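Undergrad: Please find start.pdb (PDB, C-alpha atoms and all ligand atoms) on the next line:
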ATOM      1  CA  MET A   1       0.000   0.000   0.000
ATOM      2  CA  MET A   2       1.335   3.406  -0.970
ATOM      3  CA  ARG A   3       2.183   5.416   2.150
ATOM      4  CA  LEU A   4       0.462   8.784   2.559
ATOM      5  CA  LYS A   5       3.635  10.882   2.273
ATOM      6  CA  THR A   6       4.692   9.066  -0.909
ATOM      7  CA  ARG A   7       1.189   9.403  -2.344
ATOM      8  CA  VAL A   8       1.070  13.146  -1.618
ATOM      9  CA  ARG A   9       4.540  13.539  -3.121
ATOM     10  CA  SER A  10       3.577  11.690  -6.310
ATOM     11  CA  GLN A  11       0.323  13.681  -6.594
ATOM     12  CA  GLU A  12       2.401  16.856  -6.257
ATOM     13  CA  SER A  13       4.779  15.775  -8.997
ATOM     14  CA  GLU A  14       1.821  14.872 -11.256
ATOM     15  CA  ARG A  15       0.410  18.355 -10.674
ATOM     16  CA  ARG A  16       3.802  19.864 -11.420
ATOM     17  CA  ALA A  17       4.016  17.791 -14.609
ATOM     18  CA  ALA A  18       0.556  18.902 -15.722
ATOM     19  CA  LYS A  19       1.327  22.610 -15.307
ATOM     20  CA  PRO A  20       3.057  23.863 -18.464
ATOM     21  CA  VAL A  21       6.595  25.069 -17.733
ATOM     22  CA  VAL A  22       7.839  24.747 -21.322
ATOM     23  CA  ALA A  23       6.173  26.351 -24.328
ATOM     24  CA  VAL A  24       6.740  24.649 -27.686
ATOM     25  CA  VAL A  25       5.953  27.285 -30.290
ATOM     26  CA  MET A  26       6.072  27.009 -34.072
ATOM     27  CA  GLY A  27       5.477  29.300 -37.005
ATOM     28  CA  SER A  28       2.909  27.169 -38.841
ATOM     29  CA  ASP A  29       0.888  23.994 -38.537
ATOM     30  CA  SER A  30       3.131  22.678 -41.321
ATOM     31  CA  ASP A  31       5.928  22.560 -38.677
ATOM     32  CA  LEU A  32       3.958  20.331 -36.330
ATOM     33  CA  ALA A  33       5.151  16.938 -37.581
ATOM     34  CA  VAL A  34       8.763  17.865 -36.740
ATOM     35  CA  MET A  35       8.168  19.981 -33.630
ATOM     36  CA  ALA A  36       6.050  17.181 -32.121
ATOM     37  CA  GLU A  37       9.401  15.535 -31.366
ATOM     38  CA  ALA A  38      10.217  18.253 -28.807
ATOM     39  CA  ALA A  39       6.827  17.749 -27.165
ATOM     40  CA  ARG A  40       7.314  13.970 -27.193
ATOM     41  CA  VAL A  41      10.623  14.284 -25.308
ATOM     42  CA  LEU A  42       9.087  16.646 -22.744
ATOM     43  CA  GLY A  43       6.231  14.195 -22.260
ATOM     44  CA  GLU A  44       8.701  11.312 -21.804
ATOM     45  CA  PHE A  45      10.323  13.240 -18.941
ATOM     46  CA  GLY A  46       6.973  14.217 -17.438
ATOM     47  CA  VAL A  47       7.565  17.917 -18.066
ATOM     48  CA  GLY A  48       4.356  19.933 -18.439
ATOM     49  CA  HIS A  49       4.266  21.780 -21.718
ATOM     50  CA  GLU A  50       1.997  23.658 -24.075
ATOM     51  CA  VAL A  51       2.076  23.657 -27.887
ATOM     52  CA  LEU A  52       1.209  26.822 -29.805
ATOM     53  CA  ILE A  53       1.269  28.119 -33.353
ATOM     54  CA  VAL A  54       2.565  31.680 -33.416
ATOM     55  CA  SER A  55       4.168  33.443 -36.368
ATOM     56  CA  ALA A  56       6.601  36.335 -36.030
ATOM     57  CA  HIS A  57       5.397  37.599 -39.417
ATOM     58  CA  ARG A  58       1.780  36.483 -39.813
ATOM     59  CA  THR A  59       0.646  37.034 -36.214
ATOM     60  CA  PRO A  60       3.131  39.600 -34.852
ATOM     61  CA  ASP A  61       0.816  40.929 -32.119
ATOM     62  CA  ARG A  62       0.067  37.424 -30.836
ATOM     63  CA  CYS A  63       3.796  36.652 -30.937
ATOM     64  CA  ARG A  64       4.649  39.704 -28.820
ATOM     65  CA  ALA A  65       1.806  39.044 -26.368
ATOM     66  CA  PHE A  66       2.834  35.406 -26.007
ATOM     67  CA  ALA A  67       6.488  36.283 -25.325
ATOM     68  CA  ARG A  68       5.656  39.073 -22.876
ATOM     69  CA  GLY A  69       3.162  36.957 -20.942
ATOM     70  CA  ALA A  70       5.033  33.642 -20.859
ATOM     71  CA  ALA A  71       7.073  34.139 -17.655
ATOM     72  CA  GLY A  72       4.029  35.452 -15.781
ATOM     73  CA  ARG A  73       2.104  32.292 -16.700
ATOM     74  CA  GLY A  74       4.825  30.090 -15.215
ATOM     75  CA  ILE A  75       6.668  29.198 -18.427
ATOM     76  CA  ARG A  76      10.395  28.725 -17.729
ATOM     77  CA  VAL A  77      11.793  27.704 -21.124
ATOM     78  CA  ILE A  78      10.578  28.449 -24.647
ATOM     79  CA  VAL A  79      11.255  26.185 -27.632
ATOM     80  CA  ALA A  80      10.586  27.960 -30.934
ATOM     81  CA  GLY A  81      10.717  26.242 -34.325
ATOM     82  CA  ALA A  82      10.252  27.895 -37.702
ATOM     83  CA  GLY A  83      11.287  27.535 -41.314
ATOM     84  CA  LYS A  84      12.217  29.993 -44.100
ATOM     85  CA  ALA A  85      13.048  33.483 -42.692
ATOM     86  CA  ALA A  86      12.832  32.011 -39.197
ATOM     87  CA  HIS A  87      12.608  35.038 -36.933
ATOM     88  CA  LEU A  88      10.301  33.421 -34.387
ATOM     89  CA  ALA A  89      12.907  32.470 -31.760
ATOM     90  CA  GLY A  90      14.715  35.812 -32.083
ATOM     91  CA  VAL A  91      11.576  37.927 -31.865
ATOM     92  CA  ILE A  92      10.360  35.967 -28.838
ATOM     93  CA  ALA A  93      13.799  36.351 -27.210
ATOM     94  CA  ALA A  94      13.572  40.103 -27.793
ATOM     95  CA  HIS A  95      10.464  40.249 -25.599
ATOM     96  CA  THR A  96      11.489  37.969 -22.721
ATOM     97  CA  THR A  97      14.532  37.022 -20.648
ATOM     98  CA  LEU A  98      13.393  33.391 -20.434
ATOM     99  CA  PRO A  99      15.817  31.007 -22.175
ATOM    100  CA  VAL A 100      14.745  30.567 -25.804
ATOM    101  CA  ILE A 101      15.779  27.486 -27.771
ATOM    102  CA  GLY A 102      15.447  27.873 -31.531
ATOM    103  CA  VAL A 103      14.852  25.010 -33.947
ATOM    104  CA  PRO A 104      15.491  25.824 -37.625
ATOM    105  CA  LEU A 105      13.145  23.838 -39.846
ATOM    106  CA  ASP A 106      13.525  22.716 -43.419
ATOM    107  CA  ALA A 107      10.819  24.478 -45.407
ATOM    108  CA  GLY A 108      13.085  24.832 -48.444
ATOM    109  CA  MET A 109      16.842  25.347 -49.035
ATOM    110  CA  ASN A 110      17.466  22.324 -46.742
ATOM    111  CA  GLY A 111      16.771  24.612 -43.786
ATOM    112  CA  LEU A 112      19.877  26.719 -44.387
ATOM    113  CA  ASP A 113      17.744  29.881 -44.537
ATOM    114  CA  ALA A 114      16.124  29.047 -41.186
ATOM    115  CA  LEU A 115      19.449  27.993 -39.645
ATOM    116  CA  LEU A 116      21.102  31.326 -40.412
ATOM    117  CA  SER A 117      18.012  33.303 -39.392
ATOM    118  CA  THR A 118      17.933  31.506 -36.044
ATOM    119  CA  VAL A 119      21.623  31.291 -35.207
ATOM    120  CA  GLN A 120      22.832  34.748 -36.239
ATOM    121  CA  MET A 121      21.421  36.743 -33.362
ATOM    122  CA  PRO A 122      23.051  40.071 -32.587
ATOM    123  CA  GLY A 123      24.939  40.282 -29.292
ATOM    124  CA  GLY A 124      22.657  41.001 -26.350
ATOM    125  CA  VAL A 125      19.667  38.823 -27.261
ATOM    126  CA  PRO A 126      20.666  35.139 -27.154
ATOM    127  CA  VAL A 127      18.906  32.218 -28.802
ATOM    128  CA  ALA A 128      20.241  28.681 -28.304
ATOM    129  CA  CYS A 129      20.155  27.290 -31.838
ATOM    130  CA  MET A 130      19.691  23.555 -32.393
ATOM    131  CA  ALA A 131      20.315  21.425 -35.485
ATOM    132  CA  VAL A 132      17.935  21.660 -38.458
ATOM    133  CA  GLY A 133      14.835  19.473 -38.288
ATOM    134  CA  LYS A 134      13.851  16.495 -36.155
ATOM    135  CA  ALA A 135      17.223  16.075 -34.379
ATOM    136  CA  GLY A 136      17.061  19.762 -33.473
ATOM    137  CA  ALA A 137      13.513  19.422 -32.149
ATOM    138  CA  LYS A 138      14.535  16.395 -30.083
ATOM    139  CA  ASN A 139      17.565  18.209 -28.668
ATOM    140  CA  ALA A 140      15.471  21.293 -27.945
ATOM    141  CA  GLY A 141      13.243  19.135 -25.743
ATOM    142  CA  LEU A 142      16.284  17.620 -24.055
ATOM    143  CA  LEU A 143      17.981  20.989 -23.520
ATOM    144  CA  ALA A 144      14.797  22.334 -21.940
ATOM    145  CA  VAL A 145      14.807  19.315 -19.609
ATOM    146  CA  GLU A 146      18.482  19.947 -18.783
ATOM    147  CA  ILE A 147      17.752  23.585 -17.912
ATOM    148  CA  LEU A 148      14.852  22.584 -15.668
ATOM    149  CA  ALA A 149      16.952  19.794 -14.133
ATOM    150  CA  LEU A 150      19.327  22.403 -12.679
ATOM    151  CA  GLY A 151      16.693  22.961 -10.001
ATOM    152  CA  ASP A 152      15.068  19.530  -9.929
ATOM    153  CA  ALA A 153      17.038  16.536  -8.642
ATOM    154  CA  GLY A 154      14.383  14.049  -9.829
ATOM    155  CA  LEU A 155      14.603  15.352 -13.367
ATOM    156  CA  ALA A 156      18.417  15.318 -13.197
ATOM    157  CA  SER A 157      18.455  11.635 -12.266
ATOM    158  CA  ARG A 158      15.940  10.829 -15.050
ATOM    159  CA  LEU A 159      18.330  12.556 -17.468
ATOM    160  CA  ALA A 160      21.265  10.511 -16.166
ATOM    161  CA  ARG A 161      19.246   7.296 -16.650
ATOM    162  CA  TYR A 162      18.284   8.429 -20.172
ATOM    163  CA  ARG A 163      21.962   8.935 -21.079
ATOM    164  CA  GLY A 164      22.848   5.527 -19.642
ATOM    165  CA  ARG A 165      20.044   3.856 -21.623
ATOM    166  CA  MET A 166      21.162   5.610 -24.809
ATOM    167  CA  ALA A 167      24.776   4.499 -24.344
ATOM    168  CA  ARG A 168      23.681   0.888 -23.756
ATOM    169  CA  GLU A 169      21.447   0.948 -26.852
ATOM    170  CA  VAL A 170      24.263   2.317 -29.033
ATOM    171  CA  ALA A 171      26.680  -0.283 -27.631
ATOM    172  CA  ALA A 172      24.171  -3.065 -28.372
ATOM    173  CA  LYS A 173      23.716  -1.788 -31.933
ATOM    174  CA  GLY A 174      27.507  -1.694 -32.326
ATOM    175  CA  ARG A 175      27.778  -5.314 -31.165
ATOM    176  CA  ALA A 176      24.952  -6.371 -33.490
ATOM    177  CA  ALA A 177      26.580  -4.593 -36.443
ATOM    178  CA  ALA A 178      30.061  -5.933 -35.872
ATOM    179  CA  GLY A 179      29.162  -9.414 -34.648
ATOM    180  CA  SER A 180      31.092 -11.231 -31.932
ATOM    181  CA  SER A 181      34.476 -10.303 -33.478
ATOM    182  CA  ASN A 182      34.048  -6.640 -32.428
ATOM    183  CA  PRO A 183      37.374  -5.728 -30.796
ATOM    184  CA  VAL A 184      35.887  -2.696 -28.990
ATOM    185  CA  LYS A 185      34.769  -3.633 -25.469
ATOM    186  CA  ASN A 186      31.529  -1.750 -24.655
TER     187      ASN A 186
HETATM  188  N1  LIG B   1       6.950  30.940 -41.020
HETATM  189  C1  LIG B   1       5.687  31.254 -40.697
HETATM  190  N2  LIG B   1       5.677  32.549 -40.314
HETATM  191  C2  LIG B   1       6.910  33.037 -40.392
HETATM  192  C3  LIG B   1       7.735  32.012 -40.845
HETATM  193  N3  LIG B   1       9.038  32.073 -41.047
HETATM  194  C4  LIG B   1       7.446  29.648 -41.475
HETATM  195  C5  LIG B   1       6.836  28.463 -40.785
HETATM  196  C6  LIG B   1       6.999  27.358 -41.792
HETATM  197  C7  LIG B   1       7.168  28.087 -43.122
HETATM  198  O1  LIG B   1       7.155  29.474 -42.828
HETATM  199  O2  LIG B   1       7.499  28.227 -39.576
HETATM  200  O3  LIG B   1       8.149  26.565 -41.553
HETATM  201  C8  LIG B   1       6.104  27.764 -44.141
HETATM  202  O4  LIG B   1       4.835  27.968 -43.534
HETATM  203  P1  LIG B   1       3.477  27.543 -44.322
HETATM  204  O5  LIG B   1       2.358  27.880 -43.345
HETATM  205  O6  LIG B   1       3.416  28.336 -45.569
HETATM  206  O7  LIG B   1       3.581  26.056 -44.547
END
Now, as a test, write the supplied structure out as structure tokens.
Ligand code: AIR
TA:
Amino acid sequence: MMRLKTRVRSQESERRAAKPVVAVVMGSDSDLAVMAEAARVLGEFGVGHEVLIVSAHRTPDRCRAFARGAAGRGIRVIVAGAGKAAHLAGVIAAHTTLPVIGVPLDAGMNGLDALLSTVQMPGGVPVACMAVGKAGAKNAGLLAVEILALGDAGLASRLARYRGRMAREVAAKGRAAAGSSNPVKN
């Protein structure tokens, strides 16, 4: 039988998980298939998050209002993905001092346009720029978890277990690929 203290603690952590502390924002619904990867990672770690479509160009007022109001609503990290002239992460960063993680998306030009638009921020307004596409969205989710884990020991140990699992999976794949003659001891 679950003891009362443990039950209260787990109810508290469920409540914490339900409350969005990360906002996953994207410029268009056409970005959703890729940006869903960031949300998936956050869900895997039990981090409460919200998903919004906001465009720096098509809905500039909504973009500004979102960025200005995010901290007051309890958001602690913002993940922003966009393609083409991807100004979303930079414009959001201009309106908040919350950490903003940008994900350049491939909506043409292999994402090079979005990569440069996201990464080349002028000094004074930082955006943490991830890789183009799905790997970038995944890492954006993980980086958000790492930032939150600075003040959350439970999350930090889940991250450590995740890294351990990943290393074991890669080692197993290496053994499978090389067969039993693999000279590298994993
Ligand atoms: N976008 C939307 N508003 C500003 C920008 N840069 C981006 C979206 C999407 C791309 O334009 O993030 O990657 C194409 O959007 P759509 O809606 O035409 O498919």
Undergrad: Would you kindly translate the PyMOL selection byres (((chain A and resi 73) around 12) and not hetatm) into the concrete residues it picks from this file, as a PyMOL selection string?
TA: chain A and resi 19-23+49-50+65-72+74-77+98
Undergrad: To check your reading of the model: which residues sit at most 9 Å from ligand LIG 1 (chain B) when counting all atoms listed in the file? Write the answer as an MDAnalysis selection string.
TA: chainID A and resid 26:31 53:59 81:88 104:108 114
Undergrad: Report, in Å to a single decimal, how far apart atom CA of A:Leu148 and atom CA of A:Met130 are.
TA: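 These atoms are spaced 17.4 Å apart.
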Undergrad: In Å, how far is it from atom CA of A:Gly111 to atom CA of A:Gly133?
TA: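 Atom CA of A:Gly111 sits 7.8 Å away from atom CA of A:Gly133.
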Undergrad: Which is closest to A:Ile78 among A:Gly141, A:Gly46, A:Pro122, A:Pro60, if we use all atoms listed in the file?
TA: A:Gly141
Undergrad: Return the padded bounding box of stretch 115-132 of chain A as JSON: axis-aligned, built from all atoms listed in the file, 3 Å added on each side, with centre and edge lengths in Å to one decimal.
TA:
{"center_x": 21.4, "center_y": 31.2, "center_z": -33.4, "size_x": 13.0, "size_y": 25.6, "size_z": 20.1}
Undergrad: If you measure from atom CA of A:Ile92 to atom CA of A:Ala80, what distance in Å do you get, rounded to one decimal?
TA: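 Distance between the two atoms: 8.3 Å.
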Undergrad: For a quick check of understanding, using all atoms listed in the file, which of A:Ile101, A:Arg64, A:Val25, A:Val34 has the smallest distance to A:Val51?
TA: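 Answer, going by the shortest atom-to-atom distance: A:Val25.
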Undergrad: Could you pull out every residue with an atom within 12 Å of (18.5, 7.1, -20.3), file coordinates, counting all atoms listed in the file, and send them as number ranges by chain?
TA: A: 41, 44-45, 142, 155-170
